[in-house]
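Trainee: Contents are CSV, C-alpha atoms and all ligand atoms; file name my_file18.csv:
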chain,number,residue,atom,x,y,z
A,19,MET,CA,6.7,313.6,39.8
A,20,LYS,CA,7.2,317.0,41.3
A,21,ILE,CA,6.6,317.6,45.0
A,22,PRO,CA,7.2,321.1,46.2
A,23,PHE,CA,8.5,321.8,49.8
A,24,ALA,CA,5.5,324.1,50.3
A,25,ASP,CA,2.7,325.3,48.0
A,26,LEU,CA,1.6,328.9,48.6
A,27,ARG,CA,-0.1,329.1,45.2
A,28,ALA,CA,-2.4,326.1,46.0
A,29,GLN,CA,-3.3,327.7,49.3
A,30,TYR,CA,-4.2,331.0,47.6
A,31,GLU,CA,-6.3,329.1,45.0
A,32,SER,CA,-8.3,327.4,47.7
A,33,ILE,CA,-9.4,330.7,49.3
A,34,LYS,CA,-9.0,333.1,46.3
A,35,PRO,CA,-12.5,334.8,46.5
A,36,GLU,CA,-12.0,335.7,50.2
A,37,ILE,CA,-8.5,337.0,49.8
A,38,ASP,CA,-9.3,339.0,46.6
A,39,ALA,CA,-12.2,340.6,48.3
A,40,ALA,CA,-10.2,341.5,51.4
A,41,ILE,CA,-7.4,343.0,49.4
A,42,ALA,CA,-9.9,345.0,47.2
A,43,SER,CA,-11.5,346.3,50.3
A,44,VAL,CA,-8.2,347.7,51.8
A,45,ILE,CA,-7.4,349.3,48.5
A,46,ALA,CA,-10.9,350.8,48.2
A,47,ASP,CA,-10.5,352.3,51.7
A,48,SER,CA,-6.9,353.3,51.0
A,49,ALA,CA,-6.2,351.8,54.5
A,50,PHE,CA,-2.6,351.0,53.7
A,51,VAL,CA,-0.9,352.0,56.9
A,52,GLY,CA,-2.0,353.9,60.0
A,53,GLY,CA,-1.1,351.4,62.7
A,54,TYR,CA,-3.5,351.4,65.6
A,55,GLU,CA,-6.1,353.5,63.9
A,56,ASN,CA,-6.3,351.2,60.9
A,57,HIS,CA,-9.3,349.0,61.4
A,58,TYR,CA,-7.9,346.1,59.4
A,59,VAL,CA,-4.9,346.1,61.7
A,60,ARG,CA,-7.0,346.4,64.8
A,61,GLY,CA,-9.3,343.7,63.5
A,62,PHE,CA,-6.5,341.3,63.1
A,63,GLU,CA,-4.9,342.1,66.4
A,64,GLU,CA,-8.2,341.4,68.2
A,65,ALA,CA,-8.8,338.3,66.2
A,66,PHE,CA,-5.4,336.9,66.9
A,67,ALA,CA,-5.5,337.7,70.6
A,68,GLY,CA,-8.9,336.0,70.7
A,69,TYR,CA,-7.5,332.9,68.9
A,70,LEU,CA,-4.6,332.6,71.4
A,71,ASN,CA,-6.7,333.6,74.4
A,72,ALA,CA,-4.2,336.4,75.1
A,73,LYS,CA,-4.9,339.9,76.4
A,74,HIS,CA,-2.8,342.0,74.0
A,75,CYS,CA,-1.6,341.6,70.4
A,76,ILE,CA,0.4,344.3,68.7
A,77,GLY,CA,1.1,344.1,65.0
A,78,CYS,CA,4.5,344.9,63.7
A,79,ALA,CA,6.6,344.6,60.5
A,80,ASN,CA,8.1,341.2,60.8
A,81,GLY,CA,9.0,338.4,63.3
A,82,THR,CA,12.6,339.6,63.8
A,83,ASP,CA,11.3,343.0,64.8
A,84,SER,CA,8.8,341.5,67.2
A,85,ILE,CA,11.6,339.8,69.2
A,86,GLU,CA,13.8,343.0,69.2
A,87,ILE,CA,10.9,345.3,70.2
A,88,LEU,CA,9.9,343.0,73.1
A,89,LEU,CA,13.5,342.8,74.4
A,90,LYS,CA,13.6,346.7,74.3
A,91,ALA,CA,10.2,346.8,76.0
A,92,MET,CA,11.7,344.6,78.7
A,93,ASP,CA,14.5,347.1,79.1
A,94,ILE,CA,17.2,344.6,78.0
A,95,GLY,CA,20.3,346.2,76.4
A,96,PRO,CA,24.0,346.7,76.6
A,97,GLY,CA,25.6,344.7,79.5
A,98,ASP,CA,22.8,342.2,79.6
A,99,GLU,CA,22.7,338.5,78.6
A,100,VAL,CA,19.9,336.6,77.1
A,101,ILE,CA,19.8,332.8,76.9
A,102,VAL,CA,18.8,331.4,73.5
A,103,PRO,CA,18.8,328.0,71.9
A,104,ALA,CA,21.9,326.9,70.0
A,105,HIS,CA,19.5,325.5,67.3
A,106,SER,CA,17.2,328.1,65.8
A,107,TRP,CA,16.8,330.6,62.9
A,108,ILE,CA,19.3,333.4,63.4
A,109,SER,CA,16.6,336.0,64.2
A,110,THR,CA,16.4,334.7,67.7
A,111,SER,CA,20.0,335.6,68.6
A,112,GLU,CA,20.2,338.5,66.1
A,113,ALA,CA,17.5,340.4,67.9
A,114,VAL,CA,19.5,340.0,71.2
A,115,SER,CA,22.6,341.5,69.6
A,116,ALA,CA,20.5,344.2,67.9
A,117,VAL,CA,19.4,345.6,71.3
A,118,GLY,CA,23.1,345.6,72.4
A,119,ALA,CA,22.8,342.5,74.7
A,120,ARG,CA,24.7,339.2,74.3
A,121,PRO,CA,23.1,336.0,73.2
A,122,VAL,CA,24.2,333.0,75.4
A,123,PHE,CA,23.6,329.7,73.7
A,124,VAL,CA,22.1,326.5,75.3
A,125,ASP,CA,22.3,323.1,73.6
A,126,THR,CA,19.3,321.3,72.1
A,127,HIS,CA,17.0,318.7,73.8
A,128,PRO,CA,18.1,315.4,72.4
A,129,THR,CA,14.6,314.3,71.3
A,130,TYR,CA,12.6,317.5,70.8
A,131,TYR,CA,14.9,320.0,69.0
A,132,THR,CA,13.8,322.8,71.4
A,133,LEU,CA,16.2,324.1,74.0
A,134,ASP,CA,17.3,321.7,76.7
A,135,ALA,CA,15.9,323.4,79.8
A,136,LYS,CA,18.1,321.3,82.1
A,137,LEU,CA,21.1,323.1,80.7
A,138,ILE,CA,19.9,326.6,81.2
A,139,GLU,CA,20.8,327.1,84.8
A,140,ALA,CA,24.5,326.5,84.2
A,141,ARG,CA,24.5,329.4,81.7
A,142,VAL,CA,22.9,331.9,84.1
A,143,THR,CA,25.2,334.7,85.3
A,144,PRO,CA,24.5,337.9,87.2
A,145,ARG,CA,24.0,339.6,83.8
A,146,THR,CA,21.3,337.2,82.6
A,147,LYS,CA,18.0,339.0,82.0
A,148,ALA,CA,15.9,336.7,79.9
A,149,ILE,CA,15.4,333.4,78.2
A,150,ILE,CA,14.1,333.1,74.7
A,151,ALA,CA,12.3,329.8,74.3
A,152,VAL,CA,11.8,328.9,70.6
A,153,HIS,CA,9.0,326.5,69.8
A,154,LEU,CA,11.1,325.1,66.9
A,155,TYR,CA,9.4,323.3,64.0
A,156,GLY,CA,6.0,323.8,65.6
A,157,LEU,CA,6.7,321.9,68.9
A,158,PRO,CA,6.4,323.8,72.2
A,159,ALA,CA,9.6,324.0,74.3
A,160,GLU,CA,9.3,322.3,77.7
A,161,MET,CA,7.9,325.5,79.3
A,162,ASP,CA,7.3,324.4,82.8
A,163,GLU,CA,11.1,323.7,83.1
A,164,VAL,CA,12.0,326.9,81.4
A,165,LEU,CA,9.6,328.9,83.6
A,166,ALA,CA,10.9,327.2,86.8
A,167,VAL,CA,14.5,328.3,86.1
A,168,ALA,CA,13.2,331.8,85.1
A,169,ARG,CA,11.3,332.2,88.4
A,170,LYS,CA,14.3,331.0,90.4
A,171,HIS,CA,16.6,333.5,88.8
A,172,ARG,CA,14.1,336.3,88.2
A,173,LEU,CA,14.4,336.2,84.4
A,174,ARG,CA,12.0,337.3,81.8
A,175,VAL,CA,10.7,334.6,79.4
A,176,LEU,CA,10.1,335.4,75.7
A,177,GLU,CA,8.5,332.8,73.5
A,178,ASP,CA,9.6,332.8,69.9
A,179,CYS,CA,6.4,331.5,68.2
A,180,ALA,CA,7.4,332.1,64.6
A,181,GLN,CA,7.1,328.4,63.7
A,182,ALA,CA,4.3,327.5,66.1
A,183,HIS,CA,1.0,329.3,65.5
A,184,GLY,CA,-1.7,327.4,67.4
A,185,ALA,CA,0.7,324.9,69.0
A,186,GLU,CA,-0.4,323.9,72.5
A,187,TYR,CA,1.4,323.1,75.7
A,188,LYS,CA,-0.6,321.5,78.5
A,189,GLY,CA,-3.8,322.9,77.0
A,190,ALA,CA,-2.7,326.5,76.5
A,191,LYS,CA,-1.7,328.0,73.1
A,192,VAL,CA,2.0,329.0,72.9
A,193,GLY,CA,2.4,332.7,73.1
A,194,THR,CA,0.5,332.8,76.4
A,195,LEU,CA,3.0,330.9,78.6
A,196,GLY,CA,5.9,333.4,79.1
A,197,ASP,CA,6.0,337.1,79.8
A,198,ALA,CA,5.6,337.9,76.1
A,199,ALA,CA,5.7,336.2,72.7
A,200,SER,CA,6.8,337.0,69.2
A,201,PHE,CA,5.2,335.8,66.0
A,202,SER,CA,6.2,336.0,62.4
A,203,PHE,CA,3.8,335.9,59.5
A,204,PHE,CA,6.4,335.5,56.8
A,205,PRO,CA,4.5,333.9,53.9
A,206,GLY,CA,5.9,330.4,54.5
A,207,LYS,CA,4.9,330.2,58.2
A,208,ASN,CA,1.8,328.3,59.3
A,209,LEU,CA,-0.1,331.6,59.3
A,210,GLY,CA,1.6,333.6,56.6
A,211,ALA,CA,0.9,337.0,55.1
A,212,TYR,CA,1.5,338.1,51.5
A,213,GLY,CA,4.6,339.9,52.5
A,214,ASP,CA,6.5,340.5,55.7
A,215,ALA,CA,4.5,340.8,58.9
A,216,GLY,CA,4.7,339.9,62.6
A,217,CYS,CA,3.2,340.6,66.0
A,218,MET,CA,3.8,340.7,69.7
A,219,VAL,CA,1.6,339.0,72.2
A,220,THR,CA,1.4,339.5,76.0
A,221,ASN,CA,-0.9,339.5,79.0
A,222,ASP,CA,1.1,342.2,80.7
A,223,PRO,CA,-0.5,345.6,80.0
A,224,GLU,CA,2.7,347.5,80.7
A,225,LEU,CA,4.8,345.4,78.3
A,226,ALA,CA,2.0,345.8,75.7
A,227,ARG,CA,2.0,349.6,76.1
A,228,ARG,CA,5.8,349.8,75.8
A,229,ALA,CA,5.9,347.4,72.8
A,230,ARG,CA,3.2,349.4,71.0
A,231,MET,CA,5.0,352.6,71.7
A,232,ILE,CA,8.4,351.4,70.5
A,233,ALA,CA,6.9,350.0,67.3
A,234,ASN,CA,5.3,353.3,66.5
A,235,HIS,CA,8.1,355.9,66.9
A,236,GLY,CA,7.8,356.0,70.7
A,237,GLN,CA,4.3,357.5,70.6
A,238,LEU,CA,1.0,356.2,71.8
A,239,GLU,CA,-0.9,359.2,70.5
A,240,LYS,CA,0.1,361.3,67.5
A,241,HIS,CA,3.1,363.7,68.0
A,242,ASN,CA,3.6,362.8,71.6
A,243,HIS,CA,6.9,360.9,71.4
A,244,ILE,CA,7.6,359.6,74.9
A,245,VAL,CA,10.8,357.8,73.8
A,246,GLU,CA,12.7,357.2,70.6
A,247,GLY,CA,11.1,354.2,68.9
A,248,ARG,CA,11.2,353.0,65.4
A,249,ASN,CA,8.9,352.3,62.4
A,250,SER,CA,7.7,348.7,62.6
A,251,ARG,CA,4.1,348.5,61.3
A,252,LEU,CA,1.8,345.8,60.3
A,253,ASP,CA,0.1,347.2,57.2
A,254,GLY,CA,-3.5,347.1,56.2
A,255,LEU,CA,-3.1,344.7,53.3
A,256,GLN,CA,-1.2,342.1,55.4
A,257,ALA,CA,-3.7,342.5,58.2
A,258,ALA,CA,-6.6,341.9,55.9
A,259,VAL,CA,-5.0,338.8,54.4
A,260,LEU,CA,-4.2,337.5,57.9
A,261,VAL,CA,-7.8,337.9,59.1
A,262,VAL,CA,-9.0,335.7,56.2
A,263,LYS,CA,-6.3,333.1,56.7
A,264,LEU,CA,-6.7,332.9,60.5
A,265,ARG,CA,-10.2,331.6,59.9
A,266,HIS,CA,-8.6,328.6,58.0
A,267,LEU,CA,-5.7,328.1,60.4
A,268,PRO,CA,-7.3,325.4,62.6
A,269,HIS,CA,-8.2,323.3,59.5
A,270,TRP,CA,-4.8,323.7,58.0
A,271,THR,CA,-3.2,322.8,61.3
A,272,SER,CA,-5.2,319.6,61.5
A,273,LEU,CA,-4.2,318.7,58.0
A,274,ARG,CA,-0.5,319.2,58.9
A,275,GLN,CA,-1.0,316.9,61.9
A,276,LYS,CA,-2.6,314.3,59.7
A,277,HIS,CA,0.2,314.4,57.2
A,278,ALA,CA,2.8,314.1,60.0
A,279,GLU,CA,1.0,311.1,61.3
A,280,ARG,CA,1.0,309.5,57.9
A,281,TYR,CA,4.7,310.2,57.4
A,282,SER,CA,5.6,308.8,60.8
A,283,GLY,CA,3.6,305.7,60.2
A,284,LEU,CA,5.3,305.0,56.9
A,285,LEU,CA,8.8,305.9,58.1
A,286,ALA,CA,8.6,303.7,61.3
A,287,ARG,CA,10.1,300.7,59.5
A,288,LEU,CA,13.1,302.7,58.1
A,289,ALA,CA,16.4,303.9,59.6
A,290,VAL,CA,14.9,307.4,59.9
A,291,THR,CA,14.2,309.2,63.1
A,292,ALA,CA,10.7,310.7,62.9
A,293,PRO,CA,9.8,313.8,65.0
A,294,ALA,CA,8.5,313.1,68.5
A,295,ALA,CA,6.3,315.2,70.8
A,296,PRO,CA,5.5,314.8,74.5
A,297,ALA,CA,1.9,313.8,75.3
A,298,HIS,CA,1.1,317.1,76.9
A,299,SER,CA,2.0,319.1,73.7
A,300,ARG,CA,0.3,319.6,70.4
A,301,HIS,CA,2.8,319.9,67.6
A,302,VAL,CA,1.7,322.0,64.6
A,303,TYR,CA,4.4,320.8,62.2
A,304,HIS,CA,5.6,324.0,60.6
A,305,LEU,CA,8.3,321.6,59.5
A,306,TYR,CA,8.4,317.9,59.4
A,307,VAL,CA,12.0,317.1,60.3
A,308,VAL,CA,13.6,313.7,60.2
A,309,GLN,CA,17.1,312.6,61.0
A,310,VAL,CA,18.9,310.4,58.5
A,311,PRO,CA,22.5,309.1,58.9
A,312,ASP,CA,23.5,309.9,55.3
A,313,ARG,CA,21.6,313.1,54.6
A,314,ALA,CA,23.4,314.0,51.4
A,315,ALA,CA,22.5,310.7,49.8
A,316,VAL,CA,18.8,310.8,50.9
A,317,GLN,CA,18.4,314.5,49.9
A,318,GLY,CA,20.1,313.8,46.5
A,319,ALA,CA,17.8,310.9,45.8
A,320,LEU,CA,14.8,313.0,46.7
A,321,ALA,CA,16.0,315.8,44.5
A,322,ALA,CA,16.5,313.4,41.6
A,323,ALA,CA,13.0,312.2,42.0
A,324,GLY,CA,11.6,315.8,41.9
A,325,VAL,CA,11.0,316.1,45.7
A,326,SER,CA,12.1,319.4,47.3
A,327,THR,CA,13.5,319.3,50.8
A,328,GLY,CA,15.2,321.6,53.2
A,329,VAL,CA,17.7,321.7,56.0
A,330,HIS,CA,16.7,323.6,59.1
A,331,TYR,CA,19.5,324.4,59.8
A,332,PRO,CA,22.8,323.3,58.3
A,333,LYS,CA,24.8,325.1,61.0
A,334,ALA,CA,23.8,325.7,64.6
A,335,LEU,CA,23.9,329.3,65.6
A,336,PRO,CA,27.1,329.1,67.8
A,337,PHE,CA,29.0,327.8,64.8
A,338,LEU,CA,28.0,330.5,62.3
A,339,ALA,CA,30.7,333.0,61.2
A,340,ALA,CA,28.6,335.7,62.8
A,341,TYR,CA,29.3,334.2,66.3
A,342,ALA,CA,33.0,333.2,65.7
A,343,GLY,CA,33.8,335.8,68.4
A,344,HIS,CA,32.2,333.5,71.0
A,345,GLY,CA,34.9,330.9,70.2
A,346,HIS,CA,32.5,327.9,70.5
A,347,ARG,CA,33.5,324.4,69.4
A,348,PRO,CA,31.2,321.5,68.5
A,349,ALA,CA,31.9,319.9,71.9
A,350,ASP,CA,30.2,322.9,73.6
A,351,PHE,CA,26.9,322.0,72.0
A,352,PRO,CA,27.2,318.3,71.1
A,353,VAL,CA,23.5,317.7,70.4
A,354,ALA,CA,23.1,320.7,68.1
A,355,ALA,CA,26.4,319.7,66.4
A,356,ARG,CA,25.1,316.2,65.8
A,357,HIS,CA,21.6,317.3,64.6
A,358,MET,CA,22.9,319.9,62.1
A,359,ASP,CA,24.5,317.1,60.0
A,360,ARG,CA,21.5,314.8,60.2
A,361,VAL,CA,18.3,316.9,60.0
A,362,LEU,CA,16.2,316.9,56.8
A,363,SER,CA,12.9,318.7,56.3
A,364,LEU,CA,10.4,316.8,54.1
A,365,PRO,CA,7.6,318.5,52.1
A,366,MET,CA,5.0,319.7,54.6
A,367,PHE,CA,2.0,321.9,53.8
A,368,PRO,CA,-1.8,321.6,54.3
A,369,GLU,CA,-2.5,320.8,50.6
A,370,LEU,CA,-0.1,317.8,50.5
A,371,THR,CA,-1.8,314.6,49.4
A,372,PRO,CA,-1.5,311.1,50.9
A,373,GLU,CA,-0.1,309.9,47.5
A,374,GLN,CA,2.6,312.6,47.6
A,375,ILE,CA,3.6,311.5,51.2
A,376,GLU,CA,3.8,307.9,50.1
A,377,ALA,CA,5.9,308.8,47.1
A,378,VAL,CA,8.3,310.8,49.3
A,379,VAL,CA,8.7,307.9,51.7
A,380,SER,CA,9.2,305.3,49.0
A,381,VAL,CA,12.1,307.4,47.6
A,382,ILE,CA,13.6,307.5,51.1
A,383,ALA,CA,13.2,303.8,51.5
A,384,ASP,CA,15.1,303.1,48.3
A,385,ALA,CA,17.8,305.6,49.1
A,386,ALA,CA,18.2,304.2,52.6
A,387,VAL,CA,18.6,300.7,51.1
A,388,VAL,CA,21.2,301.9,48.6
A,389,GLY,CA,23.0,304.0,51.2
A,390,GLY,CA,22.9,301.3,53.8
A,401,LIG,C1,10.8,333.0,60.7
A,401,LIG,C2,11.4,333.1,62.1
A,401,LIG,C3,11.7,334.3,62.7
A,401,LIG,C4,11.6,335.7,62.1
A,401,LIG,O1,10.6,336.0,61.3
A,401,LIG,P1,10.7,337.1,60.1
A,401,LIG,O2,9.3,337.5,60.0
A,401,LIG,O3,11.2,336.4,58.9
A,401,LIG,O4,11.5,338.2,60.6
A,401,LIG,C5,12.1,334.3,64.0
A,401,LIG,N1,12.4,333.1,64.7
A,401,LIG,C6,12.2,331.9,64.1
A,401,LIG,C7,12.4,330.7,64.9
A,401,LIG,C8,11.7,331.9,62.7
A,401,LIG,O5,11.5,330.7,62.2
Show how you would write the structure in this file as structure tokens.
Ligand SMILES: *Cc1c(COP(=O)(O)O)cnc(C)c1O
Mentor:
Amino acid sequence: MKIPFADLRAQYESIKPEIDAAIASVIADSAFVGGYENHYVRGFEEAFAGYLNAKHCIGCANGTDSIEILLKAMDIGPGDEVIVPAHSWISTSEAVSAVGARPVFVDTHPTYYTLDAKLIEARVTPRTKAIIAVHLYGLPAEMDEVLAVARKHRLRVLEDCAQAHGAEYKGAKVGTLGDAASFSFFPGKNLGAYGDAGCMVTNDPELARRARMIANHGQLEKHNHIVEGRNSRLDGLQAAVLVVKLRHLPHWTSLRQKHAERYSGLLARLAVTAPAAPAHSRHVYHLYVVQVPDRAAVQGALAAAGVSTGVHYPKALPFLAAYAGHGHRPADFPVAARHMDRVLSLPMFPELTPEQIEAVVSVIADAAVVGG
């Protein structure tokens, strides 16, 4: 038995004629870059804004850039602080440092893995400018609580949606809840390109204008550089692939949700903590993450059985060498510290079969019995 963690090849095979035609068309047009004037890029930006029900979508080179460019567009820089979750991929905090501001970490919600909004206020200082809410693993952060603190202290809210394409909070798609949102289309994400890609989403026309300008060398029209920007473009090939894949995303999302339901049903009788979601949210299961008391044993048993798993993430951000200067200890973020030793990501991708899910759970059941 061999069960991969994700299977990009199987997904390509399932839509090969559409993808091949889209790629051939970009090559025939030589529409490789060209930013805003590139009709593949424009086409994707419009389609994705429509999918989210957002006013503006601006393509860029990757998800990390999309956070960084939005922070710049919000005028956040040296001397400023930005509140970020202790538990995320490093891009979230890295982008804050990249614009010269300081990431200030907040511990994790004990049940949902997203940031614990109740802890935000204690971390607000006169220098705080924004909160980045990460919809981690595909579950929306508790946005009403985040937005309430933000309103009270006049902070910007940036949603990091890299893991949550199509996730919903109280009926609205994530990416439309804060001031602006960043998306990654890294190949392994729920909506993945065939290379690096990302985008920024906002309903605020001024933020949209600034973000588009910064991503394109500070110009909105050719050779009129209003500020110094950078080169962060979504290219034609990636945009064309994304247009095709966006049409399939709702179906793939519902398959992920079915798989999650099956996993959770089977795991209910084991000493494994399955993911939970509040009733008002629609989790899109970028990752299906469980907690197990003896992770090394369970992960080892799964590996021996040919099942690939992952750990997202083995070290919470404040404990990484990169942030040693902050001088944080495990006691500062007790929930994140506890989770990082227990979380285990099981295989999750739309093409997964019920038999594969049953096989994964039966290995876990055996390992849990042996491991106690
Ligand atoms: C993947 C990811 C990013 C960054 O995306 P890239 O396209 O790889 O730069 C940012 N935040 C989170 C939470 C991610 O998972």
Trainee: Give as a ChimeraX atom specification the residues surrounding ligand LIG 401 (chain A) up to a distance of 9 Å, considering only C-alpha atoms and all ligand atoms.
Mentor: /A:79-85,106-111,152-155,178-182,200-207,214-216
Trainee: Suppose we keep C-alpha atoms; can you now write the selection as a compact mmCIF listing (two decimals), keeping the file's coordinate frame?
Mentor:
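For reference, out.txt as written:
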# COMPACT_ATOMS: atom_id res chain seq x y z
CA ALA A 79 6.60 344.60 60.50
CA ASN A 80 8.10 341.20 60.80
CA GLY A 81 9.00 338.40 63.30
CA THR A 82 12.60 339.60 63.80
CA ASP A 83 11.30 343.00 64.80
CA SER A 84 8.80 341.50 67.20
CA ILE A 85 11.60 339.80 69.20
CA SER A 106 17.20 328.10 65.80
CA TRP A 107 16.80 330.60 62.90
CA ILE A 108 19.30 333.40 63.40
CA SER A 109 16.60 336.00 64.20
CA THR A 110 16.40 334.70 67.70
CA SER A 111 20.00 335.60 68.60
CA VAL A 152 11.80 328.90 70.60
CA HIS A 153 9.00 326.50 69.80
CA LEU A 154 11.10 325.10 66.90
CA TYR A 155 9.40 323.30 64.00
CA ASP A 178 9.60 332.80 69.90
CA CYS A 179 6.40 331.50 68.20
CA ALA A 180 7.40 332.10 64.60
CA GLN A 181 7.10 328.40 63.70
CA ALA A 182 4.30 327.50 66.10
CA SER A 200 6.80 337.00 69.20
CA PHE A 201 5.20 335.80 66.00
CA SER A 202 6.20 336.00 62.40
CA PHE A 203 3.80 335.90 59.50
CA PHE A 204 6.40 335.50 56.80
CA PRO A 205 4.50 333.90 53.90
CA GLY A 206 5.90 330.40 54.50
CA LYS A 207 4.90 330.20 58.20
CA ASP A 214 6.50 340.50 55.70
CA ALA A 215 4.50 340.80 58.90
CA GLY A 216 4.70 339.90 62.60
Trainee: Tell me which of A:Leu70, A:Ala211, A:Ala258, A:Met92 sits closest to Asn56 in chain A, counting all atoms listed in the file.
Mentor: A:Ala258
Trainee: Identify which of the residues A:Val378, A:His243, A:His183, A:Pro365 lies closest to Asp25 in chain A, counting all atoms listed in the file when measuring atom-to-atom distances.
Mentor: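 Among A:Val378, A:His243, A:His183, A:Pro365, it is A:Pro365 that comes nearest to Asp25 in chain A.
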Trainee: Find the distance between CA of Pro311 in chain A and CA of Leu362 in chain A and write it in Å to one decimal.
Mentor: 10.2 Å
Trainee: Using only C-alpha atoms, give me every residue within 10 Å of (17.3, 307.0, 51.6) in file coordinates, as a ChimeraX atom specification.
Mentor: /A:288-290,310-320,379-390
Trainee: Go ahead and compute the interatomic distance for CA of Asn208 in chain A and CA of Pro268 in chain A, in Å to one decimal.
Mentor: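 About the pair CA of Asn208 in chain A and CA of Pro268 in chain A: they are 10.1 Å apart.
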